[in-house]
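**Q** Pasting my_file26.cif below, which is mmCIF, C-alpha atoms and all ligand atoms; chains and numbers go by the auth columns.
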data_final
loop_
_atom_site.group_PDB
_atom_site.id
_atom_site.type_symbol
_atom_site.label_atom_id
_atom_site.label_comp_id
_atom_site.label_asym_id
_atom_site.label_seq_id
_atom_site.Cartn_x
_atom_site.Cartn_y
_atom_site.Cartn_z
_atom_site.B_iso_or_equiv
_atom_site.auth_seq_id
_atom_site.auth_asym_id
ATOM 1 C CA MET A 1 -11.604 3.635 -30.171 0.00 233 A
ATOM 2 C CA GLN A 2 -8.186 1.896 -30.236 0.00 234 A
ATOM 3 C CA SER A 3 -7.059 -1.717 -29.844 0.00 235 A
ATOM 4 C CA LEU A 4 -5.118 -2.707 -26.742 0.00 236 A
ATOM 5 C CA GLY A 5 -4.430 -6.412 -26.096 0.00 237 A
ATOM 6 C CA LEU A 6 -7.754 -8.226 -26.148 0.00 238 A
ATOM 7 C CA TRP A 7 -9.671 -4.926 -25.861 0.00 239 A
ATOM 8 C CA GLN A 8 -11.252 -2.085 -27.802 0.00 240 A
ATOM 9 C CA TRP A 9 -10.296 0.891 -25.658 0.00 241 A
ATOM 10 C CA ILE A 10 -12.395 4.055 -25.314 0.00 242 A
ATOM 11 C CA GLU A 11 -10.848 6.954 -23.404 0.00 243 A
ATOM 12 C CA LYS A 12 -13.218 9.758 -22.214 0.00 244 A
ATOM 13 C CA GLU A 13 -12.505 13.173 -20.682 0.00 245 A
ATOM 14 C CA ASP A 14 -15.451 13.493 -18.259 0.00 246 A
ATOM 15 C CA VAL A 15 -17.982 10.878 -17.197 0.00 247 A
ATOM 16 C CA GLY A 16 -20.471 10.364 -14.392 0.00 248 A
ATOM 17 C CA SER A 17 -19.293 6.778 -14.012 0.00 249 A
ATOM 18 C CA THR A 18 -17.181 4.619 -16.344 0.00 250 A
ATOM 19 C CA ASN A 19 -19.434 1.717 -15.290 0.00 251 A
ATOM 20 C CA ASP A 20 -22.448 3.618 -16.705 0.00 252 A
ATOM 21 C CA GLU A 21 -20.557 4.175 -19.972 0.00 253 A
ATOM 22 C CA ALA A 22 -19.760 0.451 -20.201 0.00 254 A
ATOM 23 C CA LEU A 23 -23.356 -0.500 -19.320 0.00 255 A
ATOM 24 C CA ALA A 24 -24.652 1.773 -22.100 0.00 256 A
ATOM 25 C CA LEU A 25 -22.159 0.213 -24.520 0.00 257 A
ATOM 26 C CA SER A 26 -23.392 -3.268 -23.589 0.00 258 A
ATOM 27 C CA ARG A 27 -26.813 -2.247 -24.954 0.00 259 A
ATOM 28 C CA GLU A 28 -25.298 -1.172 -28.289 0.00 260 A
ATOM 29 C CA VAL A 29 -22.815 -3.920 -29.161 0.00 261 A
ATOM 30 C CA LYS A 30 -23.376 -7.616 -29.709 0.00 262 A
ATOM 31 C CA SER A 31 -19.863 -9.014 -29.328 0.00 263 A
ATOM 32 C CA GLY A 32 -16.271 -8.129 -28.442 0.00 264 A
ATOM 33 C CA ASN A 33 -14.378 -6.934 -25.379 0.00 265 A
ATOM 34 C CA TYR A 34 -14.271 -3.253 -24.496 0.00 266 A
ATOM 35 C CA VAL A 35 -12.730 -1.059 -21.844 0.00 267 A
ATOM 36 C CA VAL A 36 -13.681 2.508 -20.956 0.00 268 A
ATOM 37 C CA THR A 37 -11.320 4.824 -19.071 0.00 269 A
ATOM 38 C CA ALA A 38 -11.880 8.441 -18.069 0.00 270 A
ATOM 39 C CA LYS A 39 -9.753 11.374 -16.960 0.00 271 A
ATOM 40 C CA ARG A 40 -12.464 12.592 -14.623 0.00 272 A
ATOM 41 C CA GLN A 41 -15.309 10.699 -12.973 0.00 273 A
ATOM 42 C CA ASN A 42 -17.863 12.801 -11.037 0.00 274 A
ATOM 43 C CA ASN A 43 -20.462 10.292 -9.930 0.00 275 A
ATOM 44 C CA GLY A 44 -18.616 7.030 -9.270 0.00 276 A
ATOM 45 C CA ARG A 45 -20.339 4.126 -7.596 0.00 277 A
ATOM 46 C CA GLY A 46 -18.880 1.785 -5.005 0.00 278 A
ATOM 47 C CA ARG A 47 -19.944 -1.552 -3.541 0.00 279 A
ATOM 48 C CA ARG A 48 -22.982 -1.955 -1.328 0.00 280 A
ATOM 49 C CA GLY A 49 -24.609 1.304 -2.440 0.00 281 A
ATOM 50 C CA ARG A 50 -21.656 3.507 -1.522 0.00 282 A
ATOM 51 C CA SER A 51 -20.286 6.270 -3.716 0.00 283 A
ATOM 52 C CA TRP A 52 -16.695 6.369 -5.010 0.00 284 A
ATOM 53 C CA VAL A 53 -14.939 9.704 -4.847 0.00 285 A
ATOM 54 C CA GLY A 54 -12.871 10.411 -7.955 0.00 286 A
ATOM 55 C CA TYR A 55 -9.847 12.704 -7.863 0.00 287 A
ATOM 56 C CA GLU A 56 -8.444 13.749 -11.217 0.00 288 A
ATOM 57 C CA GLY A 57 -5.272 11.707 -11.771 0.00 289 A
ATOM 58 C CA ASN A 58 -6.732 8.552 -10.210 0.00 290 A
ATOM 59 C CA LEU A 59 -7.466 5.602 -12.480 0.00 291 A
ATOM 60 C CA PHE A 60 -11.075 4.821 -13.428 0.00 292 A
ATOM 61 C CA MET A 61 -11.598 1.910 -15.783 0.00 293 A
ATOM 62 C CA SER A 62 -14.538 -0.330 -16.665 0.00 294 A
ATOM 63 C CA PHE A 63 -14.097 -3.527 -18.642 0.00 295 A
ATOM 64 C CA LEU A 64 -17.001 -4.951 -20.632 0.00 296 A
ATOM 65 C CA GLN A 65 -16.680 -8.622 -21.425 0.00 297 A
ATOM 66 C CA PRO A 66 -18.943 -11.643 -21.842 0.00 298 A
ATOM 67 C CA VAL A 67 -18.774 -13.850 -18.716 0.00 299 A
ATOM 68 C CA GLU A 68 -20.845 -16.943 -17.918 0.00 300 A
ATOM 69 C CA LEU A 69 -23.066 -16.439 -14.865 0.00 301 A
ATOM 70 C CA SER A 70 -21.455 -19.377 -13.066 0.00 302 A
ATOM 71 C CA LYS A 71 -17.990 -17.748 -13.402 0.00 303 A
ATOM 72 C CA ILE A 72 -18.844 -14.357 -11.905 0.00 304 A
ATOM 73 C CA GLY A 73 -17.733 -15.444 -8.429 0.00 305 A
ATOM 74 C CA GLN A 74 -14.279 -16.286 -9.811 0.00 306 A
ATOM 75 C CA ILE A 75 -13.578 -13.314 -12.039 0.00 307 A
ATOM 76 C CA VAL A 76 -13.260 -10.854 -9.183 0.00 308 A
ATOM 77 C CA PHE A 77 -10.217 -12.845 -8.036 0.00 309 A
ATOM 78 C CA VAL A 78 -8.685 -12.656 -11.521 0.00 310 A
ATOM 79 C CA VAL A 79 -9.262 -8.897 -11.436 0.00 311 A
ATOM 80 C CA SER A 80 -7.905 -8.144 -7.961 0.00 312 A
ATOM 81 C CA LEU A 81 -4.939 -10.498 -8.399 0.00 313 A
ATOM 82 C CA SER A 82 -4.083 -8.783 -11.685 0.00 314 A
ATOM 83 C CA LEU A 83 -4.101 -5.375 -10.037 0.00 315 A
ATOM 84 C CA PHE A 84 -1.898 -6.740 -7.239 0.00 316 A
ATOM 85 C CA GLU A 85 0.582 -8.241 -9.732 0.00 317 A
ATOM 86 C CA SER A 86 0.655 -5.070 -11.858 0.00 318 A
ATOM 87 C CA LEU A 87 1.570 -2.927 -8.857 0.00 319 A
ATOM 88 C CA GLN A 88 4.108 -5.497 -7.707 0.00 320 A
ATOM 89 C CA GLU A 89 5.829 -5.386 -11.111 0.00 321 A
ATOM 90 C CA LEU A 90 5.889 -1.596 -11.101 0.00 322 A
ATOM 91 C CA PHE A 91 6.928 -1.269 -7.428 0.00 323 A
ATOM 92 C CA PRO A 92 8.724 -4.487 -6.415 0.00 324 A
ATOM 93 C CA LYS A 93 9.276 -3.364 -2.792 0.00 325 A
ATOM 94 C CA ILE A 94 5.710 -2.253 -2.092 0.00 326 A
ATOM 95 C CA ASP A 95 4.070 -3.629 1.074 0.00 327 A
ATOM 96 C CA MET A 96 0.816 -4.926 -0.359 0.00 328 A
ATOM 97 C CA LYS A 97 -1.852 -7.516 0.468 0.00 329 A
ATOM 98 C CA LEU A 98 -5.134 -8.638 -0.987 0.00 330 A
ATOM 99 C CA LYS A 99 -8.276 -8.395 1.109 0.00 331 A
ATOM 100 C CA TRP A 100 -11.389 -10.533 0.587 0.00 332 A
ATOM 101 C CA PRO A 101 -13.457 -10.138 -1.488 0.00 333 A
ATOM 102 C CA ASN A 102 -11.789 -7.697 -3.855 0.00 334 A
ATOM 103 C CA ASP A 103 -9.574 -5.047 -2.309 0.00 335 A
ATOM 104 C CA VAL A 104 -5.899 -4.292 -2.599 0.00 336 A
ATOM 105 C CA LEU A 105 -4.246 -2.907 0.544 0.00 337 A
ATOM 106 C CA VAL A 106 -1.024 -0.931 0.565 0.00 338 A
ATOM 107 C CA GLU A 107 0.520 -0.703 4.032 0.00 339 A
ATOM 108 C CA ASN A 108 -2.854 -1.921 5.324 0.00 340 A
ATOM 109 C CA ASN A 109 -4.911 0.814 3.679 0.00 341 A
ATOM 110 C CA LYS A 110 -7.347 0.362 0.814 0.00 342 A
ATOM 111 C CA ILE A 111 -6.101 1.877 -2.432 0.00 343 A
ATOM 112 C CA SER A 112 -8.575 0.439 -4.906 0.00 344 A
ATOM 113 C CA GLY A 113 -12.123 -0.766 -5.399 0.00 345 A
ATOM 114 C CA ILE A 114 -13.831 -3.162 -7.774 0.00 346 A
ATOM 115 C CA LEU A 115 -17.510 -3.073 -8.682 0.00 347 A
ATOM 116 C CA LEU A 116 -19.110 -5.763 -10.858 0.00 348 A
ATOM 117 C CA GLU A 117 -22.405 -4.980 -12.563 0.00 349 A
ATOM 118 C CA LYS A 118 -24.481 -7.103 -14.940 0.00 350 A
ATOM 119 C CA GLY A 119 -24.718 -5.661 -18.453 0.00 351 A
ATOM 120 C CA GLU A 120 -26.937 -6.612 -21.390 0.00 352 A
ATOM 121 C CA GLY A 121 -26.966 -10.300 -22.413 0.00 353 A
ATOM 122 C CA ASP A 122 -23.851 -12.135 -21.215 0.00 354 A
ATOM 123 C CA TYR A 123 -21.933 -8.937 -20.666 0.00 355 A
ATOM 124 C CA LEU A 124 -20.391 -8.175 -17.305 0.00 356 A
ATOM 125 C CA VAL A 125 -19.087 -4.722 -16.397 0.00 357 A
ATOM 126 C CA ILE A 126 -15.990 -4.766 -14.219 0.00 358 A
ATOM 127 C CA GLY A 127 -15.313 -1.334 -12.792 0.00 359 A
ATOM 128 C CA ILE A 128 -11.979 -0.694 -11.130 0.00 360 A
ATOM 129 C CA GLY A 129 -10.865 2.449 -9.364 0.00 361 A
ATOM 130 C CA VAL A 130 -7.294 2.955 -8.161 0.00 362 A
ATOM 131 C CA ASN A 131 -6.349 5.878 -5.954 0.00 363 A
ATOM 132 C CA LEU A 132 -3.129 7.110 -7.502 0.00 364 A
ATOM 133 C CA VAL A 133 -3.059 10.730 -6.361 0.00 365 A
ATOM 134 C CA GLY A 134 -5.856 11.130 -3.818 0.00 366 A
ATOM 135 C CA ALA A 135 -8.318 9.392 -1.542 0.00 367 A
ATOM 136 C CA PRO A 136 -11.158 10.784 0.560 0.00 368 A
ATOM 137 C CA LYS A 137 -10.161 11.443 4.163 0.00 369 A
ATOM 138 C CA LEU A 138 -13.169 10.284 6.126 0.00 370 A
ATOM 139 C CA GLU A 139 -13.335 10.769 9.878 0.00 371 A
ATOM 140 C CA GLY A 140 -14.057 7.789 12.096 0.00 372 A
ATOM 141 C CA VAL A 141 -13.562 5.148 9.425 0.00 373 A
ATOM 142 C CA LEU A 142 -11.891 1.987 10.680 0.00 374 A
ATOM 143 C CA TYR A 143 -9.984 1.344 7.450 0.00 375 A
ATOM 144 C CA PRO A 144 -9.210 4.674 5.833 0.00 376 A
ATOM 145 C CA ALA A 145 -8.534 4.704 2.118 0.00 377 A
ATOM 146 C CA THR A 146 -5.208 5.978 0.902 0.00 378 A
ATOM 147 C CA SER A 147 -3.498 6.739 -2.394 0.00 379 A
ATOM 148 C CA LEU A 148 -0.258 5.446 -3.837 0.00 380 A
ATOM 149 C CA GLN A 149 1.061 9.010 -3.827 0.00 381 A
ATOM 150 C CA ASP A 150 0.307 9.325 -0.077 0.00 382 A
ATOM 151 C CA LYS A 151 2.504 6.250 0.393 0.00 383 A
ATOM 152 C CA GLY A 152 5.321 7.660 -1.739 0.00 384 A
ATOM 153 C CA TYR A 153 4.647 5.755 -4.987 0.00 385 A
ATOM 154 C CA HIS A 154 4.218 7.850 -8.115 0.00 386 A
ATOM 155 C CA ILE A 155 2.702 6.594 -11.337 0.00 387 A
ATOM 156 C CA ASP A 156 0.452 8.084 -13.980 0.00 388 A
ATOM 157 C CA ARG A 157 -2.901 6.499 -14.678 0.00 389 A
ATOM 158 C CA LEU A 158 -2.255 5.369 -18.264 0.00 390 A
ATOM 159 C CA THR A 159 1.032 3.644 -17.375 0.00 391 A
ATOM 160 C CA LEU A 160 -0.763 1.606 -14.711 0.00 392 A
ATOM 161 C CA PHE A 161 -3.742 1.052 -17.031 0.00 393 A
ATOM 162 C CA LYS A 162 -1.542 -0.443 -19.794 0.00 394 A
ATOM 163 C CA LYS A 163 0.393 -2.631 -17.334 0.00 395 A
ATOM 164 C CA TYR A 164 -2.919 -3.787 -15.856 0.00 396 A
ATOM 165 C CA VAL A 165 -4.296 -4.776 -19.291 0.00 397 A
ATOM 166 C CA GLU A 166 -1.121 -6.770 -20.034 0.00 398 A
ATOM 167 C CA ILE A 167 -1.322 -8.720 -16.753 0.00 399 A
ATOM 168 C CA TYR A 168 -5.107 -9.110 -16.806 0.00 400 A
ATOM 169 C CA ASP A 169 -4.958 -10.569 -20.325 0.00 401 A
ATOM 170 C CA LYS A 170 -2.333 -13.092 -19.145 0.00 402 A
ATOM 171 C CA ASN A 171 -4.390 -14.087 -16.108 0.00 403 A
ATOM 172 C CA CYS A 172 -7.607 -14.389 -18.164 0.00 404 A
ATOM 173 C CA ARG A 173 -5.765 -16.800 -20.478 0.00 405 A
ATOM 174 C CA LEU A 174 -4.449 -18.779 -17.500 0.00 406 A
ATOM 175 C CA TRP A 175 -7.976 -18.924 -16.049 0.00 407 A
ATOM 176 C CA GLN A 176 -9.442 -20.016 -19.378 0.00 408 A
ATOM 177 C CA GLU A 177 -6.809 -22.685 -20.001 0.00 409 A
ATOM 178 C CA GLN A 178 -6.270 -24.080 -16.483 0.00 410 A
ATOM 179 C CA GLY A 179 -9.397 -23.075 -14.590 0.00 411 A
ATOM 180 C CA PHE A 180 -9.701 -21.256 -11.250 0.00 412 A
ATOM 181 C CA ALA A 181 -7.109 -23.326 -9.297 0.00 413 A
ATOM 182 C CA PRO A 182 -3.901 -21.399 -10.256 0.00 414 A
ATOM 183 C CA ILE A 183 -5.638 -18.020 -9.782 0.00 415 A
ATOM 184 C CA ARG A 184 -7.017 -19.038 -6.395 0.00 416 A
ATOM 185 C CA GLU A 185 -3.576 -20.364 -5.394 0.00 417 A
ATOM 186 C CA LYS A 186 -1.790 -17.095 -6.239 0.00 418 A
ATOM 187 C CA TRP A 187 -4.576 -15.065 -4.585 0.00 419 A
ATOM 188 C CA LEU A 188 -4.377 -17.120 -1.347 0.00 420 A
ATOM 189 C CA GLN A 189 -0.589 -16.648 -1.234 0.00 421 A
ATOM 190 C CA ASN A 190 -1.071 -12.898 -1.054 0.00 422 A
ATOM 191 C CA VAL A 191 -4.247 -12.451 0.972 0.00 423 A
ATOM 192 C CA LYS A 192 -4.196 -10.846 4.414 0.00 424 A
ATOM 193 C CA GLY A 193 -5.429 -12.760 7.425 0.00 425 A
ATOM 194 C CA LEU A 194 -5.582 -16.338 6.121 0.00 426 A
ATOM 195 C CA GLY A 195 -5.683 -18.722 9.108 0.00 427 A
ATOM 196 C CA GLU A 196 -6.335 -15.826 11.479 0.00 428 A
ATOM 197 C CA GLU A 197 -9.321 -14.654 13.443 0.00 429 A
ATOM 198 C CA ILE A 198 -11.475 -12.126 11.589 0.00 430 A
ATOM 199 C CA GLU A 199 -14.761 -10.358 12.036 0.00 431 A
ATOM 200 C CA VAL A 200 -17.203 -10.412 9.126 0.00 432 A
ATOM 201 C CA HIS A 201 -19.821 -7.672 8.873 0.00 433 A
ATOM 202 C CA THR A 202 -22.749 -8.704 6.702 0.00 434 A
ATOM 203 C CA ASP A 203 -25.878 -6.606 6.114 0.00 435 A
ATOM 204 C CA LYS A 204 -27.565 -8.241 9.102 0.00 436 A
ATOM 205 C CA GLU A 205 -24.915 -9.318 11.591 0.00 437 A
ATOM 206 C CA THR A 206 -21.298 -9.590 12.670 0.00 438 A
ATOM 207 C CA LYS A 207 -19.623 -12.995 12.775 0.00 439 A
ATOM 208 C CA LEU A 208 -16.343 -13.974 14.366 0.00 440 A
ATOM 209 C CA GLY A 209 -14.246 -16.898 13.153 0.00 441 A
ATOM 210 C CA ILE A 210 -11.035 -18.090 11.509 0.00 442 A
ATOM 211 C CA PHE A 211 -10.517 -17.215 7.843 0.00 443 A
ATOM 212 C CA ARG A 212 -9.799 -20.729 6.508 0.00 444 A
ATOM 213 C CA ASP A 213 -10.116 -20.584 2.724 0.00 445 A
ATOM 214 C CA VAL A 214 -12.084 -19.456 -0.298 0.00 446 A
ATOM 215 C CA ASP A 215 -13.963 -22.071 -2.309 0.00 447 A
ATOM 216 C CA GLU A 216 -14.128 -22.575 -6.094 0.00 448 A
ATOM 217 C CA ASN A 217 -16.636 -19.720 -6.315 0.00 449 A
ATOM 218 C CA GLY A 218 -14.633 -17.322 -4.215 0.00 450 A
ATOM 219 C CA VAL A 219 -16.943 -17.758 -1.208 0.00 451 A
ATOM 220 C CA LEU A 220 -15.110 -17.174 2.098 0.00 452 A
ATOM 221 C CA LEU A 221 -14.978 -20.182 4.424 0.00 453 A
ATOM 222 C CA LEU A 222 -15.156 -19.053 8.025 0.00 454 A
ATOM 223 C CA GLU A 223 -14.411 -21.612 10.736 0.00 455 A
ATOM 224 C CA ARG A 224 -16.842 -21.192 13.603 0.00 456 A
ATOM 225 C CA LYS A 225 -17.784 -23.335 16.628 0.00 457 A
ATOM 226 C CA ASN A 226 -20.129 -25.471 14.553 0.00 458 A
ATOM 227 C CA GLY A 227 -17.861 -25.932 11.554 0.00 459 A
ATOM 228 C CA LEU A 228 -17.156 -24.083 8.324 0.00 460 A
ATOM 229 C CA GLU A 229 -19.630 -21.384 7.386 0.00 461 A
ATOM 230 C CA LYS A 230 -19.907 -19.905 3.897 0.00 462 A
ATOM 231 C CA ILE A 231 -19.771 -16.121 3.650 0.00 463 A
ATOM 232 C CA TYR A 232 -21.092 -14.847 0.333 0.00 464 A
ATOM 233 C CA ALA A 233 -20.872 -11.091 0.908 0.00 465 A
ATOM 234 C CA GLY A 234 -19.670 -8.692 3.554 0.00 466 A
ATOM 235 C CA ASP A 235 -16.762 -6.628 4.830 0.00 467 A
ATOM 236 C CA ILE A 236 -14.021 -8.256 6.823 0.00 468 A
ATOM 237 C CA PHE A 237 -12.090 -6.795 9.710 0.00 469 A
ATOM 238 C CA TYR A 238 -8.859 -8.163 11.121 0.00 470 A
ATOM 239 C CA ILE A 239 -8.792 -8.700 14.837 0.00 471 A
ATOM 240 C CA ASP A 240 -5.084 -8.086 15.543 0.00 472 A
ATOM 241 C CA LYS A 241 -4.750 -4.353 14.897 0.00 473 A
ATOM 242 C CA LYS A 242 -8.226 -3.826 13.438 0.00 474 A
ATOM 243 C CA LYS A 243 -6.434 -3.707 10.085 0.00 475 A
HETATM 244 C C1 LIG B . -15.715 -0.283 -3.874 0.00 501 W
HETATM 245 O O1 LIG B . -16.683 0.174 -3.249 0.00 501 W
HETATM 246 O O2 LIG B . -14.710 -0.687 -3.300 0.00 501 W
HETATM 247 C C2 LIG B . -15.782 -0.369 -5.378 0.00 501 W
HETATM 248 C C3 LIG B . -15.431 0.931 -6.050 0.00 501 W
HETATM 249 C C4 LIG B . -15.420 0.853 -7.564 0.00 501 W
HETATM 250 C C5 LIG B . -15.043 2.181 -8.201 0.00 501 W
HETATM 251 C C6 LIG B . -14.835 2.070 -9.683 0.00 501 W
HETATM 252 S S1 LIG B . -14.108 3.525 -10.370 0.00 501 W
HETATM 253 C C7 LIG B . -14.420 2.952 -11.982 0.00 501 W
HETATM 254 C C8 LIG B . -15.794 2.319 -11.945 0.00 501 W
HETATM 255 N N1 LIG B . -16.842 3.313 -12.132 0.00 501 W
HETATM 256 C C9 LIG B . -17.647 3.412 -11.059 0.00 501 W
HETATM 257 O O3 LIG B . -18.631 4.185 -10.957 0.00 501 W
HETATM 258 N N2 LIG B . -17.236 2.571 -10.093 0.00 501 W
HETATM 259 C C10 LIG B . -16.085 1.795 -10.525 0.00 501 W
#
Please express what this file holds, its structure, as structure tokens.
Ligand code: BTN

**A**
Amino acid sequence: MQSLGLWQWIEKEDVGSTNDEALALSREVKSGNYVVTAKRQNNGRGRRGRSWVGYEGNLFMSFLQPVELSKIGQIVFVVSLSLFESLQELFPKIDMKLKWPNDVLVENNKISGILLEKGEGDYLVIGIGVNLVGAPKLEGVLYPATSLQDKGYHIDRLTLFKKYVEIYDKNCRLWQEQGFAPIREKWLQNVKGLGEEIEVHTDKETKLGIFRDVDENGVLLLERKNGLEKIYAGDIFYIDKKK
């Protein structure tokens, strides 16, 4: 274990899932902030019961930190914004947007994923995967995933990891000291589709409306015929080019 910023860092060779490693750690420790990274991940999990394919050379990292229950809706914005800002610092010309609730798009394709899972006690596990060298090529998917390498951007996983920790630490301090407002502001400046018509796919239905805002808990506010509707979970699709 080594210290890195606010974190005790554990680097593994092979894991099933870095989130599982962090969850196991949450049962052993009582305090402190930890982060687990791995060279290879063979059984990664994604949101909404999906799996996450892990190519060697991609970045797999899971942060373990105490977070109040009422702040869980906000932290995903701190996380995705920090990834956005890290990549922007490393590649100033990159064409990149955020996508609600927690994706980063490069040239309109998803390059990363974030999965939050509740650990022991107050601990939250924040798993982040970034496709640096490869992404699964799935047929018939509306929004295919891509990798930075596919888009012509080359970076090794530990360089991005260390930059991410630096920026995430800064944004966590900003969040702690000034609350959610400055994070939300920066996130909204860089999100795709704000003020535009979108389609939201929830588990049960598809809803059409204008993407107006996110509230203080990160809930999407969708303007529909009868007023603003709160969207707590789902996948969004942009109407213009289905991107
Ligand atoms: C998504 O579906 O978009 C979220 C994907 C999250 C993948 C990361 S990779 C590191 C961590 N370990 C996991 O098993 N999942 C997360």

**Q** I need the residue nearest ligand LIG 501 (chain W) from this list: A:Asp246, A:Glu455, A:Glu428, A:Glu321. Use all atoms listed in the file for the distance.

**A**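 The answer is A:Asp246, which sits nearest to ligand LIG 501 (chain W).
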
**Q** Can you translate the PyMOL selection byres (((chain A and resi 295) around 10) and not hetatm) into the concrete residues it hits in this file, as a ChimeraX atom specification?

**A** /A:239-241,250-251,254-255,265-269,293-294,296-298,348,355-360,397

**Q** Record the distance separating atom CA of Asp467 of chain A and atom CA of His433 of chain A, expressed in Å with one decimal.

**A** 5.2 Å

**Q** Write out as a Markdown table a residue-level contact list of chain A versus ligand LIG 501 (chain W) with cut-off 10 Å: for each qualifying residue the closest pair of atoms and the distance in Å to one decimal, counting only C-alpha atoms and all ligand atoms, rows sorted by chain and residue number upward.

**A**
| residue | atom | partner | partner_atom | distance |
| --- | --- | --- | --- | --- |
| A:Val247 | CA | W:LIG501 | O3 | 9.2 |
| A:Gly248 | CA | W:LIG501 | O3 | 7.3 |
| A:Ser249 | CA | W:LIG501 | O3 | 4.1 |
| A:Thr250 | CA | W:LIG501 | N1 | 4.4 |
| A:Asn251 | CA | W:LIG501 | N1 | 4.4 |
| A:Asp252 | CA | W:LIG501 | O3 | 6.9 |
| A:Glu253 | CA | W:LIG501 | N1 | 8.7 |
| A:Ala254 | CA | W:LIG501 | N1 | 9.0 |
| A:Val268 | CA | W:LIG501 | C7 | 9.0 |
| A:Thr269 | CA | W:LIG501 | C7 | 8.0 |
| A:Ala270 | CA | W:LIG501 | C7 | 8.6 |
| A:Gln273 | CA | W:LIG501 | O3 | 7.6 |
| A:Asn274 | CA | W:LIG501 | O3 | 8.7 |
| A:Asn275 | CA | W:LIG501 | O3 | 6.5 |
| A:Gly276 | CA | W:LIG501 | O3 | 3.3 |
| A:Arg277 | CA | W:LIG501 | O3 | 3.8 |
| A:Gly278 | CA | W:LIG501 | O1 | 3.2 |
| A:Arg279 | CA | W:LIG501 | O1 | 3.7 |
| A:Arg280 | CA | W:LIG501 | O1 | 6.9 |
| A:Gly281 | CA | W:LIG501 | O1 | 8.0 |
| A:Arg282 | CA | W:LIG501 | O1 | 6.2 |
| A:Ser283 | CA | W:LIG501 | O1 | 7.1 |
| A:Trp284 | CA | W:LIG501 | C5 | 5.5 |
| A:Val285 | CA | W:LIG501 | C5 | 8.2 |
| A:Gly286 | CA | W:LIG501 | S1 | 7.4 |
| A:Asn290 | CA | W:LIG501 | S1 | 8.9 |
| A:Leu291 | CA | W:LIG501 | S1 | 7.3 |
| A:Phe292 | CA | W:LIG501 | C7 | 4.1 |
| A:Met293 | CA | W:LIG501 | C7 | 4.8 |
| A:Ser294 | CA | W:LIG501 | C8 | 5.6 |
| A:Phe295 | CA | W:LIG501 | C8 | 9.1 |
| A:Pro333 | CA | W:LIG501 | O2 | 9.7 |
| A:Asn334 | CA | W:LIG501 | O2 | 7.6 |
| A:Asp335 | CA | W:LIG501 | O2 | 6.8 |
| A:Val336 | CA | W:LIG501 | O2 | 9.5 |
| A:Lys342 | CA | W:LIG501 | O2 | 8.5 |
| A:Ile343 | CA | W:LIG501 | O2 | 9.0 |
| A:Ser344 | CA | W:LIG501 | O2 | 6.4 |
| A:Gly345 | CA | W:LIG501 | O2 | 3.3 |
| A:Ile346 | CA | W:LIG501 | C2 | 4.2 |
| A:Leu347 | CA | W:LIG501 | C4 | 4.6 |
| A:Leu348 | CA | W:LIG501 | C10 | 8.1 |
| A:Glu349 | CA | W:LIG501 | N2 | 9.5 |
| A:Val357 | CA | W:LIG501 | C8 | 9.0 |
| A:Ile358 | CA | W:LIG501 | C8 | 7.4 |
| A:Gly359 | CA | W:LIG501 | C8 | 3.8 |
| A:Ile360 | CA | W:LIG501 | C6 | 4.2 |
| A:Gly361 | CA | W:LIG501 | S1 | 3.6 |
| A:Val362 | CA | W:LIG501 | S1 | 7.2 |
| A:Asn363 | CA | W:LIG501 | S1 | 9.2 |
| A:Ala377 | CA | W:LIG501 | O2 | 9.8 |

**Q** In Å, rounded to a single decimal, give me how far atom CA of Glu339 of chain A is from atom CA of Gln306 of chain A.

**A**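 It comes out at 25.6 Å.
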
**Q** Evaluated on this file, the PyMOL selection byres (((chain A and resi 352) around 9) and not hetatm) picks out some residues - which ones are they, written as a compact mmCIF listing (two decimals) with C-alpha atoms, in the coordinates of the input?

**A**
# COMPACT_ATOMS: atom_id res chain seq x y z
CA LEU A 255 -23.36 -0.50 -19.32
CA ALA A 256 -24.65 1.77 -22.10
CA LEU A 257 -22.16 0.21 -24.52
CA SER A 258 -23.39 -3.27 -23.59
CA ARG A 259 -26.81 -2.25 -24.95
CA GLU A 260 -25.30 -1.17 -28.29
CA LYS A 350 -24.48 -7.10 -14.94
CA GLY A 351 -24.72 -5.66 -18.45
CA GLY A 353 -26.97 -10.30 -22.41
CA ASP A 354 -23.85 -12.14 -21.22
CA TYR A 355 -21.93 -8.94 -20.67
CA LEU A 356 -20.39 -8.18 -17.30

**Q** Hey, which of A:Lys457, A:Lys369, A:Lys394, A:Lys436 ends up closest to Asn341 of chain A? Count all atoms listed in the file.

**A**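 Of all the options, A:Lys369 lies closest to Asn341 of chain A.
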
**Q** I'd like the contact shell of Cys404 of chain A - 10 Å cut-off, all atoms listed in the file, skipping same-chain residues fewer than 6 positions apart - returned as number ranges by chain.

**A** A: 307, 310-311, 314, 410-412, 415

**Q** When you draw a straight line from atom CA of Ile430 of chain A to atom CA of Leu364 of chain A, how long is it in Å?

**A**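 Taking atom CA of Ile430 of chain A as the start and atom CA of Leu364 of chain A as the end point, the length is 28.4 Å.
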
**Q** Give as a list in words the residues that the PyMOL selection byres (((chain A and resi 466) around 8) and not hetatm) matches when applied to the coordinates above.

**A** Val432, His433, Thr434, Asp435, Ile463, Tyr464, Ala465, Asp467 and Ile468 of chain A

**Q** Rank A:Arg272, A:Pro414, A:Phe316, A:Leu453 by their smallest atom-to-atom distance to Leu392 of chain A, using all atoms listed in the file, and report the top residue only.

**A** A:Phe316

**Q** Could you tell me which of A:Glu448, A:Asn458, A:Tyr470, A:Gly441 comes closest to Ser302 of chain A if we count only C-alpha atoms?

**A**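 Answer, going by the shortest atom-to-atom distance: A:Glu448.
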
**Q** Show me, as a PyMOL selection string, the residues that have an atom within 12 Å of Arg444 of chain A when counting all atoms listed in the file, minus same-chain residues fewer than 5 positions from it.

**A** chain A and resi 332+420+423-430+451-456+459-463
